[in-house]
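K.L.:
Next up, coords21.cif (mmCIF, C-alpha atoms).
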data_target
#
loop_
_atom_site.label_atom_id
_atom_site.label_comp_id
_atom_site.auth_asym_id
_atom_site.auth_seq_id
_atom_site.Cartn_x
_atom_site.Cartn_y
_atom_site.Cartn_z
CA MET A 19 153.09 230.61 218.34
CA ALA A 20 150.69 233.35 217.26
CA ARG A 21 150.48 231.79 213.82
CA LYS A 22 149.54 228.41 215.28
CA LYS A 23 146.84 230.00 217.40
CA ARG A 24 145.48 231.80 214.34
CA GLU A 25 145.42 228.55 212.34
CA ARG A 26 143.58 226.81 215.16
CA SER A 27 141.00 229.59 215.35
CA THR A 28 140.48 229.32 211.62
CA GLU A 29 139.98 225.56 211.83
CA VAL A 30 137.49 225.87 214.68
CA GLY A 31 135.67 228.64 212.81
CA GLN A 32 135.46 226.51 209.69
CA ARG A 33 134.04 223.62 211.67
CA ILE A 34 131.39 225.85 213.20
CA LYS A 35 130.46 227.20 209.78
CA LYS A 36 130.28 223.70 208.29
CA LEU A 37 128.07 222.42 211.10
CA ARG A 38 125.86 225.50 210.87
CA GLU A 39 125.44 225.11 207.11
CA GLU A 40 124.70 221.40 207.48
CA ARG A 41 121.81 222.43 209.66
CA LYS A 42 120.79 225.07 207.12
CA TRP A 43 120.96 227.71 209.79
CA SER A 44 121.76 231.36 209.14
CA LEU A 45 124.40 233.20 211.14
CA SER A 46 121.60 234.97 212.98
CA GLU A 47 119.89 231.69 213.88
CA LEU A 48 123.00 230.13 215.39
CA ALA A 49 123.93 233.41 217.11
CA ARG A 50 120.46 233.54 218.66
CA GLN A 51 120.62 229.93 219.86
CA ALA A 52 124.13 230.37 221.24
CA ARG A 53 123.23 233.72 222.78
CA ILE A 54 126.06 235.64 221.17
CA SER A 55 125.98 238.49 218.68
CA ARG A 56 125.80 237.77 214.96
CA SER A 57 128.90 239.85 214.23
CA TYR A 58 130.92 238.05 216.91
CA LEU A 59 129.88 234.69 215.49
CA TYR A 60 130.95 235.87 212.03
CA GLN A 61 134.36 236.89 213.41
CA ILE A 62 134.72 233.42 214.97
CA GLU A 63 133.77 231.66 211.76
CA ILE A 64 136.34 233.49 209.69
CA GLY A 65 139.02 232.95 212.33
CA LYS A 66 139.38 236.61 213.26
CA SER A 67 138.34 236.03 216.83
CA SER A 68 139.32 233.35 219.36
CA PRO A 69 136.29 232.62 221.50
CA THR A 70 136.54 231.72 225.16
CA GLU A 71 135.73 228.17 226.23
CA ASP A 72 132.39 229.36 227.61
CA LYS A 73 131.40 230.86 224.26
CA LEU A 74 132.52 227.74 222.43
CA ARG A 75 130.45 225.62 224.77
CA SER A 76 127.39 227.75 224.02
CA ILE A 77 127.97 227.29 220.31
CA ALA A 78 128.56 223.55 220.71
CA ASN A 79 125.37 223.21 222.75
CA ALA A 80 123.38 225.13 220.18
CA LEU A 81 124.72 222.91 217.41
CA GLY A 82 124.06 219.79 219.48
CA VAL A 83 127.69 218.63 219.33
CA THR A 84 130.38 218.30 221.95
CA LEU A 85 133.11 220.79 222.68
CA SER A 86 135.72 218.27 221.59
CA ASN A 87 133.93 217.98 218.24
CA LEU A 88 134.57 221.65 217.72
CA LEU A 89 138.08 221.78 219.10
CA GLU A 90 139.55 218.56 217.82
CA GLY A 91 137.69 218.24 214.59
CA VAL A 92 137.04 214.57 215.26
CA LYS A 93 134.25 212.96 213.32
CA GLU A 94 131.04 214.45 214.55
CA MET A 95 129.60 212.25 217.25
CA GLU A 96 126.29 210.81 216.28
CA ILE A 97 123.73 212.50 218.44
CA PRO A 98 120.19 211.27 217.94
CA GLU A 99 117.53 213.86 217.17
CA SER A 100 115.63 213.07 220.38
CA LEU A 101 118.77 213.73 222.43
CA LYS A 102 119.43 216.98 220.56
CA GLU A 103 115.89 218.06 221.31
CA PHE A 104 116.23 217.11 224.96
CA ALA A 105 119.58 218.89 225.20
CA ARG A 106 118.05 222.06 223.74
CA GLU A 107 115.03 221.90 226.05
CA GLU A 108 117.16 221.47 229.16
CA ASN A 109 120.03 223.60 227.88
CA LEU A 110 122.43 220.79 228.78
CA PRO A 111 126.13 221.49 229.00
CA SER A 112 128.13 219.89 226.20
CA ALA A 113 129.90 217.56 228.65
CA ASP A 114 126.52 216.06 229.57
CA ILE A 115 125.43 215.76 225.95
CA GLU A 116 128.66 213.92 225.26
CA MET A 117 128.15 211.66 228.27
CA LEU A 118 124.62 210.78 227.13
CA ALA A 119 125.68 210.28 223.51
CA ARG A 120 128.44 207.91 224.58
CA LEU A 121 126.21 205.71 226.76
CA SER A 122 125.98 202.05 225.88
CA TYR A 123 122.88 199.98 226.36
CA ARG A 124 121.73 196.46 226.72
CA GLY A 125 118.85 196.91 224.34
CA HIS A 126 117.73 200.06 222.64
CA GLN A 127 118.85 203.64 222.94
CA PRO A 128 116.14 205.99 224.25
CA ALA A 129 113.99 207.19 221.39
CA SER A 130 112.07 210.07 222.96
CA VAL A 131 112.84 213.25 224.86
CA GLU A 132 111.02 211.84 227.89
CA GLN A 133 113.14 208.68 227.94
CA TRP A 134 116.32 210.77 227.76
CA ARG A 135 115.02 212.94 230.58
CA ILE A 136 114.39 209.94 232.86
CA LEU A 137 117.78 208.43 232.08
CA TYR A 138 119.58 211.73 232.53
CA ARG A 139 117.97 212.35 235.92
CA VAL A 140 118.81 208.86 237.16
CA ILE A 141 122.43 209.13 236.08
CA LYS A 142 122.89 212.66 237.38
CA ALA A 143 121.24 211.86 240.69
CA THR A 144 123.53 208.87 241.12
CA LEU A 145 126.77 210.40 239.92
CA GLU A 146 126.45 213.97 241.21
CA PRO A 147 127.07 213.21 244.91
CA ARG A 148 130.29 211.43 243.94
CA ARG A 149 131.64 214.26 241.80
CA MET B 18 145.22 207.22 237.10
CA GLY B 19 142.27 208.15 234.90
CA ASN B 20 139.35 205.83 234.52
CA GLU B 21 140.21 205.05 230.92
CA PHE B 22 143.28 203.16 232.13
CA LYS B 23 141.18 201.03 234.47
CA ASN B 24 139.02 199.94 231.60
CA PRO B 25 140.04 196.28 231.23
CA ALA B 26 139.66 196.58 227.48
CA ILE B 27 142.53 199.07 227.23
CA GLY B 28 144.98 196.45 228.45
CA TYR B 29 143.39 193.86 226.22
CA LEU B 30 143.63 196.05 223.13
CA ALA B 31 147.31 196.59 223.77
CA SER B 32 147.90 192.85 223.53
CA ALA B 33 145.04 191.74 221.25
CA GLU B 34 145.88 189.49 218.34
CA VAL B 35 145.41 191.02 214.94
CA GLY B 36 143.43 189.00 212.46
CA SER B 37 140.85 187.41 214.77
CA SER B 38 137.20 187.35 213.74
CA ALA B 39 134.94 189.82 215.54
CA GLU B 40 133.50 187.03 217.67
CA ASP B 41 136.92 185.64 218.59
CA PHE B 42 138.08 189.14 219.37
CA VAL B 43 135.24 189.58 221.87
CA LEU B 44 135.62 186.09 223.34
CA GLN B 45 139.34 186.67 223.84
CA TYR B 46 138.51 189.90 225.64
CA ALA B 47 136.13 188.02 227.95
CA ASP B 48 138.88 185.48 228.57
CA TYR B 49 141.36 188.28 229.26
CA VAL B 50 139.01 189.74 231.88
CA LEU B 51 138.43 186.33 233.49
CA SER B 52 142.17 185.66 233.61
CA ALA B 53 142.76 189.05 235.20
CA ILE B 54 140.53 188.10 238.12
CA GLY B 55 141.92 184.59 238.28
CA CYS B 56 138.60 182.91 237.54
CA CYS B 57 138.93 179.14 237.71
CA SER B 58 135.50 178.01 238.94
CA LEU B 59 131.82 178.76 238.62
CA PRO B 60 129.99 180.98 239.38
CA VAL B 61 132.02 183.84 238.01
CA ASP B 62 132.52 186.42 240.75
CA LEU B 63 131.08 189.49 239.02
CA GLU B 64 131.34 191.60 242.16
CA GLY B 65 135.03 190.69 242.42
CA LEU B 66 135.46 191.56 238.76
CA ALA B 67 133.84 194.94 239.31
CA ASN B 68 136.06 195.61 242.33
CA CYS B 69 139.18 194.56 240.46
CA PHE B 70 138.58 197.10 237.70
CA GLU B 71 136.88 199.68 239.93
CA ILE B 72 133.66 199.35 237.98
CA LYS B 73 130.65 200.78 239.81
CA VAL B 74 127.47 198.78 239.36
CA ARG B 75 124.29 200.47 240.53
CA LYS B 76 120.74 199.19 240.62
CA VAL B 77 118.36 201.96 239.61
CA SER B 78 115.03 202.41 237.85
CA LEU B 79 115.86 202.80 234.17
CA ALA B 80 112.32 203.15 232.84
CA GLY B 81 112.52 200.69 229.99
CA GLN B 82 116.26 200.07 229.67
CA ARG B 83 117.84 196.83 230.87
CA ALA B 84 121.24 198.35 231.49
CA VAL B 85 123.27 201.41 230.63
CA SER B 86 126.96 202.14 230.99
CA THR B 87 129.04 205.27 230.76
CA ALA B 88 132.52 205.60 229.31
CA ASP B 89 133.69 206.20 232.91
CA LEU B 90 132.92 202.57 233.85
CA ASP B 91 129.66 203.24 235.64
CA ILE B 92 127.09 200.52 235.05
CA PHE B 93 123.41 201.03 235.79
CA VAL B 94 121.15 198.00 235.82
CA GLU B 95 117.39 197.91 236.14
CA GLN B 96 116.57 197.43 239.82
CA ASP B 97 113.32 195.56 239.13
CA ASP B 98 114.96 192.86 237.02
CA ARG B 99 115.67 189.45 238.50
CA GLU B 100 119.19 188.94 239.85
CA THR B 101 120.03 186.57 236.99
CA VAL B 102 119.03 189.23 234.45
CA GLN B 103 120.99 191.88 236.32
CA ARG B 104 124.08 189.69 236.22
CA TYR B 105 123.70 189.17 232.49
CA SER B 106 123.14 192.90 231.98
CA THR B 107 126.27 193.68 234.01
CA ALA B 108 128.31 191.20 231.98
CA HIS B 109 126.91 192.71 228.77
CA GLU B 110 128.10 196.16 229.85
CA VAL B 111 131.56 194.86 230.80
CA ILE B 112 131.82 193.70 227.19
CA GLU B 113 130.55 197.13 226.08
CA PHE B 114 133.69 198.58 227.68
CA LEU B 115 135.61 197.02 224.82
CA PHE B 116 133.63 199.24 222.46
CA HIS B 117 134.16 202.28 224.68
CA ALA B 118 137.89 201.52 224.54
CA LEU B 119 137.83 201.15 220.77
CA SER B 120 136.67 204.74 220.51
CA GLN B 121 139.28 205.97 223.01
CA VAL B 122 142.41 204.35 221.65
CA ARG B 123 143.46 203.56 218.12
CA PRO B 124 144.08 199.83 218.20
CA GLN B 125 146.24 198.12 215.59
CA ILE B 126 143.41 196.13 214.10
CA ASN B 127 142.25 196.08 210.52
CA ARG B 128 139.30 198.06 209.23
CA GLU B 129 137.20 195.04 208.33
CA LEU B 130 137.40 193.73 211.86
CA LEU B 131 136.60 197.14 213.26
CA ALA B 132 133.57 197.43 210.96
CA ASP B 133 132.42 193.93 211.93
CA LEU B 134 132.72 194.79 215.60
CA ARG B 135 130.67 197.95 215.23
CA ASP B 136 128.04 196.43 212.93
CA HIS B 137 127.31 193.54 215.28
CA LYS B 138 127.92 195.21 218.61
CA GLU B 139 124.75 194.09 220.42
CA THR B 140 125.01 190.47 219.33
CA LEU B 141 128.70 190.37 220.18
CA CYS B 142 128.05 191.84 223.61
CA GLU B 143 125.48 189.13 224.30
CA ILE B 144 127.92 186.44 223.13
CA GLY B 145 130.68 187.98 225.24
CA ALA B 146 128.39 188.19 228.27
CA ALA B 147 127.60 184.48 227.94
CA GLU B 148 131.33 183.69 227.89
CA LEU B 149 131.94 185.96 230.85
CA LEU B 150 129.28 184.28 233.00
CA MET B 151 129.60 180.76 231.63
CA PRO B 152 133.17 180.35 230.34
CA MET B 153 133.11 177.45 227.92
CA ARG B 154 136.32 175.98 229.37
CA LEU B 155 134.51 175.55 232.72
CA PHE B 156 130.98 175.01 231.44
CA LYS B 157 131.50 172.27 228.86
CA PRO B 158 133.28 169.78 231.14
CA ILE B 159 130.29 169.89 233.48
CA VAL B 160 127.93 169.12 230.58
CA GLU B 161 130.19 166.28 229.47
CA SER B 162 130.30 164.80 232.92
CA MET B 163 126.65 165.29 233.94
CA GLY B 164 125.13 164.70 230.52
CA PHE B 165 123.43 166.94 228.00
CA ASN B 166 119.89 167.31 229.30
CA LEU B 167 117.41 169.66 230.95
CA ASN B 168 118.47 168.60 234.41
CA THR B 169 122.07 169.64 233.73
CA GLY B 170 120.73 172.89 232.30
CA ARG B 171 118.83 173.54 235.51
CA TYR B 172 121.88 172.69 237.61
CA LEU B 173 124.01 175.11 235.57
CA THR B 174 121.31 177.78 235.90
CA SER B 175 121.71 177.76 239.63
CA LEU B 176 125.49 177.24 239.58
CA CYS B 177 126.17 180.12 237.17
CA ARG B 178 123.37 182.32 238.59
CA VAL B 179 121.90 182.96 235.17
CA SER B 180 118.42 182.48 233.73
CA LEU B 181 117.32 179.05 232.58
CA THR B 182 117.16 180.26 228.98
CA ALA B 183 120.73 181.61 229.16
CA ALA B 184 122.05 178.34 230.60
CA LEU B 185 120.18 176.23 228.06
CA ARG B 186 121.37 178.34 225.14
CA ARG B 187 124.90 177.84 226.41
CA LEU B 188 124.17 174.13 226.67
CA LEU B 189 123.31 174.10 222.95
CA ASP B 190 126.57 175.90 222.16
CA THR B 191 128.64 173.16 223.79
CA HIS B 192 127.61 170.98 220.79
CA VAL B 193 127.83 167.94 223.02
CA ARG B 194 124.55 166.96 221.38
CA LYS B 195 122.58 168.46 218.52
CA ALA B 196 119.43 170.04 219.92
CA VAL B 197 117.18 173.08 219.78
CA ILE B 198 115.13 174.87 222.41
CA VAL B 199 111.52 175.65 221.58
CA PHE B 200 109.02 177.64 223.63
CA PHE B 201 105.37 176.68 223.07
CA ARG B 202 102.29 178.63 224.03
CA PHE B 203 98.69 177.48 223.96
CA GLY B 204 96.45 179.50 221.71
CA HIS B 205 95.24 180.35 218.23
CA SER B 206 97.55 181.32 215.42
CA SER B 207 97.55 185.02 214.53
CA ALA B 208 96.21 184.18 211.07
CA GLN B 209 93.18 182.29 212.37
CA TYR B 210 89.74 183.82 212.42
CA VAL B 211 88.52 183.64 216.01
CA PRO B 212 84.85 184.69 216.27
CA SER B 213 85.00 185.34 220.01
CA ASP B 214 87.80 187.86 219.46
CA VAL B 215 85.45 190.01 217.44
CA GLY B 216 82.28 189.06 219.34
CA GLN B 217 80.79 187.72 216.11
CA GLY B 218 78.28 184.93 216.72
CA ASN B 219 76.04 183.38 214.09
CA LEU B 220 72.88 181.32 213.70
CA PHE B 221 74.64 178.22 215.00
CA GLY B 222 75.51 179.66 218.39
CA PRO B 223 77.50 182.14 220.44
CA PRO B 224 80.98 183.17 219.24
CA ASN B 225 83.00 181.08 221.71
CA LEU B 226 81.40 177.89 220.38
CA MET B 227 82.41 178.81 216.83
CA ASP B 228 86.10 179.28 217.74
CA PRO B 229 88.64 176.89 216.24
CA PRO B 230 90.38 174.75 218.87
CA LYS B 231 93.47 176.19 220.53
CA LYS B 232 96.74 174.34 220.05
CA LEU B 233 100.21 174.32 221.52
CA ARG B 234 102.19 176.48 219.08
CA VAL B 235 105.80 177.52 218.59
CA LEU B 236 106.43 180.84 220.28
CA ARG B 237 110.20 181.07 220.07
CA THR B 238 113.12 178.94 219.00
CA PHE B 239 116.79 178.97 219.99
CA THR B 240 119.32 177.10 217.92
CA PRO B 241 123.04 176.51 218.52
CA LYS B 242 125.41 179.19 217.21
CA TYR B 243 126.91 176.81 214.65
CA GLY B 244 125.62 173.84 212.76
CA GLU B 245 122.53 173.36 210.66
CA THR B 246 119.37 172.71 212.63
CA GLY B 247 116.75 173.76 210.12
CA PHE B 248 113.98 176.30 210.31
CA ILE B 249 111.12 175.92 212.76
CA PRO B 250 108.30 178.29 211.84
CA PHE B 251 106.58 180.54 214.34
CA GLU B 252 103.16 179.28 215.48
CA LYS B 253 103.57 175.81 213.98
CA SER B 254 101.59 173.49 216.25
CA VAL B 255 102.24 170.13 217.91
CA GLY B 256 99.63 167.46 218.57
CA ASN B 257 97.73 166.85 221.78
CA ASN B 258 99.24 163.35 221.91
CA THR B 259 102.80 164.60 222.39
CA SER B 260 104.82 164.71 225.61
CA ILE B 261 105.07 168.47 224.99
CA PHE B 262 101.31 168.85 225.28
CA GLU B 263 101.27 166.53 228.28
CA CYS B 264 103.72 168.85 230.00
CA TYR B 265 101.33 171.74 229.38
CA ARG B 266 98.37 169.73 230.61
CA ILE B 267 99.88 168.43 233.84
CA GLN B 268 102.22 171.43 234.39
CA SER B 269 105.12 169.17 235.18
CA TYR B 270 108.30 167.79 233.58
CA THR B 271 107.78 165.26 230.79
CA SER B 272 110.00 163.42 228.35
CA GLY B 273 109.46 161.00 225.52
CA PHE B 274 109.62 160.38 221.80
CA ASP B 275 107.21 162.59 219.89
CA ASP B 276 106.10 162.57 216.27
CA LEU B 277 106.65 166.15 215.20
CA ASP B 278 106.07 168.09 212.02
CA LEU B 279 107.80 171.41 212.48
CA ILE B 280 108.78 171.71 208.78
CA SER B 281 112.56 171.21 209.11
CA VAL B 282 112.17 169.14 212.23
CA LYS B 283 110.00 166.33 210.97
CA GLY B 284 109.89 162.79 212.35
CA LYS B 285 110.24 161.12 215.70
CA PHE B 286 112.41 162.98 218.21
CA PHE B 287 113.25 162.65 221.86
CA VAL B 288 111.90 165.70 223.73
CA GLU B 289 112.23 166.95 227.29
CA SER B 290 109.77 169.60 228.44
CA ILE B 291 109.17 171.73 231.50
CA PRO B 292 106.43 174.24 232.24
CA ILE B 293 107.55 177.81 232.81
CA SER B 294 105.77 181.09 233.34
CA LEU B 295 106.32 183.99 230.98
CA ASP B 296 104.63 187.23 231.99
CA GLY B 297 102.12 185.16 233.93
CA GLU B 298 101.30 182.87 231.00
CA HIS B 299 101.86 179.10 231.10
CA ILE B 300 104.52 178.24 228.52
CA VAL B 301 106.25 174.98 227.74
CA LEU B 302 110.02 174.98 227.28
CA SER B 303 111.17 171.97 225.29
CA LEU B 304 114.57 170.61 224.46
CA LEU B 305 114.31 168.79 221.13
CA TYR B 306 117.10 166.33 220.44
CA LEU B 307 117.77 166.32 216.72
CA GLU B 308 119.83 163.13 216.54
#
Rewrite the coordinates I just gave you, this time as structure tokens.
P.N.:
Amino acid sequence: MARKKRERSTEVGQRIKKLREERKWSLSELARQARISRSYLYQIEIGKSSPTEDKLRSIANALGVTLSNLLEGVKEMEIPESLKEFAREENLPSADIEMLARLSYRGHQPASVEQWRILYRVIKATLEPRR
Amino acid sequence: MGNEFKNPAIGYLASAEVGSSAEDFVLQYADYVLSAIGCCSLPVDLEGLANCFEIKVRKVSLAGQRAVSTADLDIFVEQDDRETVQRYSTAHEVIEFLFHALSQVRPQINRELLADLRDHKETLCEIGAAELLMPMRLFKPIVESMGFNLNTGRYLTSLCRVSLTAALRRLLDTHVRKAVIVFFRFGHSSAQYVPSDVGQGNLFGPPNLMDPPKKLRVLRTFTPKYGETGFIPFEKSVGNNTSIFECYRIQSYTSGFDDLDLISVKGKFFVESIPISLDGEHIVLSLLYLE
């Protein structure tokens, strides 16, 4: 059981490291964006520490990916740059980034931060009272 | 029960035939959805369809988008669009659910088909939406009984609660007759030098007197999905002695045999035309019979 948990932590850590390096970010940069300490992030990346879901969400948000991307190692969801920028500006939770990234359109996907903002507000305003 | 199990496409994928083309795959999905709601007449009851699958359709301001849907079966359509456009947008998003489902389950379909589906998603959703709102098995018999013409197109527009263009494009796809739809607008070609556009007069007079004459020119063409109809170039003009021009002049329905030279469509053809308004501009919509 403990071994499985360790293996899982290692896999998640490796994914975080890979995504961080793809973005050419240093440990310090990602730690700053995710609001965790550099040494803690290092421990996560090498699988020595199992982060809480909250911490993982912060890391996922900073990397502009979804929590399931980190946990399940599925192919990284394509998140357009404008959405990443919007998500960073608004500090969106990963569930909302995932929801926006999975939207389908008749026509074109939003191409600017402002378009994402309008769409996000409309959807949230409509869906929030229900949830 | 989670929403993913209400997605009609999940049930379809469980029973979908392997080996179909991407288009057939989407059309069969549309047929699966129509069968599920017991559709046997026009218009297709989209509200009933939404209720059946617990799909929420909301009319909101989307600031530039026609329609958006979430993986949780929420559809948002632009509130300012006409009802016919909203219906088409809704149908488009119901087809999009197939693509949502493809990313949720791992269907037993081959990679080539999967790649085809993903590469042509938008086109396939439009084709699927047409089938959903105007199922060919119900649409074509009406064309065969009423005749292939503009009047039938207009009747089907109101029966199916879709736009005239959508109904006429479907009319072409019945292949009851070989025809194309052409939109004409009155104006100069973009390549022409128009002195009044640049305010450039000369010794012979003011700029507007130097302008070349405006003509009725091809704005847009729709051809049937299959079958060779030839290429009709953008901005190619038709003469002032045609029934097409007469339609523009009198702003009323016309029909007749016209001598046309639209490159691939060259010769004498029977044409039906009606005036329409596009963003406030007078346009002529013509049905050109190619045989």
K.L.:
Where does segment 68-180 of chain B meet segment 101-118 of chain A within 12 Å, residue by residue, with the nearest atom pair and distance in Å to one decimal for each, counting all atoms listed in the file, listed by chain and rising number, as a tab-separated table?
P.N.:
residue	atom	partner	partner_atom	distance
B:Val85	CA	A:Leu118	CA	10.1
B:Ser86	CA	A:Leu118	CA	9.7
B:Thr87	CA	A:Met117	CA	6.9
B:Ala88	CA	A:Met117	CA	7.5
B:Asp89	CA	A:Met117	CA	9.1
B:Leu90	CA	A:Met117	CA	11.7
B:Asp91	CA	A:Met117	CA	11.3
B:His117	CA	A:Met117	CA	11.7
K.L.:
For each of A:Tyr60, A:Thr70, A:Arg33, A:Ser27, take the minimum atom-to-atom distance to Ser46 of chain A, counting all atoms listed in the file, then give the residue where this is smallest.
P.N.:
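For Ser46 of chain A, the nearest of the candidates is A:Tyr60.
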K.L.:
Any idea which chain B residues end up within 12 Å of chain A if we count all atoms listed in the file, as a PDB file with C-alpha atoms, keeping the file's coordinate frame please?
P.N.:
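Contents of result_10.pdb, as written:
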ATOM      1  CA  LYS B  73     130.650 200.780 239.810  1.00  0.00           C
ATOM      2  CA  VAL B  74     127.470 198.780 239.360  1.00  0.00           C
ATOM      3  CA  ARG B  75     124.290 200.470 240.530  1.00  0.00           C
ATOM      4  CA  LYS B  76     120.740 199.190 240.620  1.00  0.00           C
ATOM      5  CA  VAL B  77     118.360 201.960 239.610  1.00  0.00           C
ATOM      6  CA  SER B  78     115.030 202.410 237.850  1.00  0.00           C
ATOM      7  CA  LEU B  79     115.860 202.800 234.170  1.00  0.00           C
ATOM      8  CA  ALA B  80     112.320 203.150 232.840  1.00  0.00           C
ATOM      9  CA  GLY B  81     112.520 200.690 229.990  1.00  0.00           C
ATOM     10  CA  GLN B  82     116.260 200.070 229.670  1.00  0.00           C
ATOM     11  CA  ARG B  83     117.840 196.830 230.870  1.00  0.00           C
ATOM     12  CA  ALA B  84     121.240 198.350 231.490  1.00  0.00           C
ATOM     13  CA  VAL B  85     123.270 201.410 230.630  1.00  0.00           C
ATOM     14  CA  SER B  86     126.960 202.140 230.990  1.00  0.00           C
ATOM     15  CA  THR B  87     129.040 205.270 230.760  1.00  0.00           C
ATOM     16  CA  ALA B  88     132.520 205.600 229.310  1.00  0.00           C
ATOM     17  CA  ASP B  89     133.690 206.200 232.910  1.00  0.00           C
ATOM     18  CA  LEU B  90     132.920 202.570 233.850  1.00  0.00           C
ATOM     19  CA  ASP B  91     129.660 203.240 235.640  1.00  0.00           C
ATOM     20  CA  ILE B  92     127.090 200.520 235.050  1.00  0.00           C
ATOM     21  CA  PHE B  93     123.410 201.030 235.790  1.00  0.00           C
ATOM     22  CA  VAL B  94     121.150 198.000 235.820  1.00  0.00           C
ATOM     23  CA  GLU B  95     117.390 197.910 236.140  1.00  0.00           C
ATOM     24  CA  GLN B  96     116.570 197.430 239.820  1.00  0.00           C
ATOM     25  CA  VAL B 102     119.030 189.230 234.450  1.00  0.00           C
ATOM     26  CA  GLN B 103     120.990 191.880 236.320  1.00  0.00           C
ATOM     27  CA  ARG B 104     124.080 189.690 236.220  1.00  0.00           C
ATOM     28  CA  TYR B 105     123.700 189.170 232.490  1.00  0.00           C
ATOM     29  CA  SER B 106     123.140 192.900 231.980  1.00  0.00           C
ATOM     30  CA  THR B 107     126.270 193.680 234.010  1.00  0.00           C
ATOM     31  CA  ALA B 108     128.310 191.200 231.980  1.00  0.00           C
ATOM     32  CA  HIS B 109     126.910 192.710 228.770  1.00  0.00           C
ATOM     33  CA  GLU B 110     128.100 196.160 229.850  1.00  0.00           C
ATOM     34  CA  VAL B 111     131.560 194.860 230.800  1.00  0.00           C
ATOM     35  CA  ILE B 112     131.820 193.700 227.190  1.00  0.00           C
ATOM     36  CA  GLU B 113     130.550 197.130 226.080  1.00  0.00           C
ATOM     37  CA  PHE B 114     133.690 198.580 227.680  1.00  0.00           C
ATOM     38  CA  LEU B 115     135.610 197.020 224.820  1.00  0.00           C
ATOM     39  CA  PHE B 116     133.630 199.240 222.460  1.00  0.00           C
ATOM     40  CA  HIS B 117     134.160 202.280 224.680  1.00  0.00           C
ATOM     41  CA  ALA B 118     137.890 201.520 224.540  1.00  0.00           C
ATOM     42  CA  SER B 120     136.670 204.740 220.510  1.00  0.00           C
ATOM     43  CA  GLN B 121     139.280 205.970 223.010  1.00  0.00           C
ATOM     44  CA  LYS B 138     127.920 195.210 218.610  1.00  0.00           C
ATOM     45  CA  GLU B 139     124.750 194.090 220.420  1.00  0.00           C
ATOM     46  CA  THR B 140     125.010 190.470 219.330  1.00  0.00           C
ATOM     47  CA  LEU B 141     128.700 190.370 220.180  1.00  0.00           C
ATOM     48  CA  CYS B 142     128.050 191.840 223.610  1.00  0.00           C
ATOM     49  CA  GLU B 143     125.480 189.130 224.300  1.00  0.00           C
ATOM     50  CA  ALA B 146     128.390 188.190 228.270  1.00  0.00           C
TER      51      ALA B 146
END
K.L.:
Need to verify the contact set: segment 186-200 of chain B, 9 Å, all atoms listed in the file, exclusion of same-chain residues closer than 5 positions in sequence. Can you return it as number ranges by chain?
P.N.:
B: 147-148, 151, 153, 156-157, 160-161, 164-166, 169-170, 173, 181, 234-244, 246, 249, 300-308
K.L.:
Please report the interatomic distance between atom CA of Val43 of chain B and atom CA of Ser162 of chain B in Å with one decimal.
P.N.:
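Between these atoms lies a distance of 27.6 Å.
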K.L.:
Ranking B:Tyr29, B:Phe201, B:Phe42, B:Phe287 by minimum distance to Phe251 of chain B and counting all atoms listed in the file, which one comes first?
P.N.:
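Of the candidates, the smallest distance to Phe251 of chain B is held by B:Phe201.
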K.L.:
Output the residue selection produced by the PyMOL selection byres ((chain B and resi 207) around 12) on the file above, formatted as number ranges by chain.
P.N.:
B: 204-206, 208-211, 214, 231, 234-236, 251-253
K.L.:
Exactly which residues make up the result of the PyMOL selection byres ((chain B and resi 180) around 9) on this file, given as a ChimeraX atom specification?
P.N.:
/B:99-102,105,174-175,177-179,181-185
K.L.:
Store the residues picked out above in a file with C-alpha atoms, as a short mmCIF file (atom, residue, chain, number, x, y, z; two decimals), keeping the file's coordinate frame.
P.N.:
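Result written to part20.cif:
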data_model
loop_
_atom_site.label_atom_id
_atom_site.label_comp_id
_atom_site.auth_asym_id
_atom_site.auth_seq_id
_atom_site.Cartn_x
_atom_site.Cartn_y
_atom_site.Cartn_z
CA ARG B 99 115.67 189.45 238.50
CA GLU B 100 119.19 188.94 239.85
CA THR B 101 120.03 186.57 236.99
CA VAL B 102 119.03 189.23 234.45
CA TYR B 105 123.70 189.17 232.49
CA THR B 174 121.31 177.78 235.90
CA SER B 175 121.71 177.76 239.63
CA CYS B 177 126.17 180.12 237.17
CA ARG B 178 123.37 182.32 238.59
CA VAL B 179 121.90 182.96 235.17
CA LEU B 181 117.32 179.05 232.58
CA THR B 182 117.16 180.26 228.98
CA ALA B 183 120.73 181.61 229.16
CA ALA B 184 122.05 178.34 230.60
CA LEU B 185 120.18 176.23 228.06
#
K.L.:
Report as a list in words the full result of the PyMOL selection byres ((chain A and resi 66) around 12) when it is applied to this structure.
P.N.:
Lys23, Arg24, Glu25, Arg26, Ser27, Thr28, Glu29, Val30, Gly31, Gln32, Ser57, Tyr58, Leu59, Tyr60, Gln61, Ile62, Glu63, Ile64, Gly65, Ser67, Ser68 and Pro69 of chain A
K.L.:
Quick one, how far is atom CA of Leu233 of chain B from atom CA of His299 of chain B?
P.N.:
10.8 Å
K.L.:
Find the residue from A:Lys42, A:Val131, A:Glu96, A:Arg53 that sits nearest to Arg75 of chain A; use all atoms listed in the file when measuring.
P.N.:
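Closest to Arg75 of chain A, using all atoms listed in the file: A:Arg53.
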K.L.:
Would you work out the distance separating atom CA of Thr84 of chain A from atom CA of Ile97 of chain A, expressed in Å to one decimal?
P.N.:
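So the answer is 9.5 Å.
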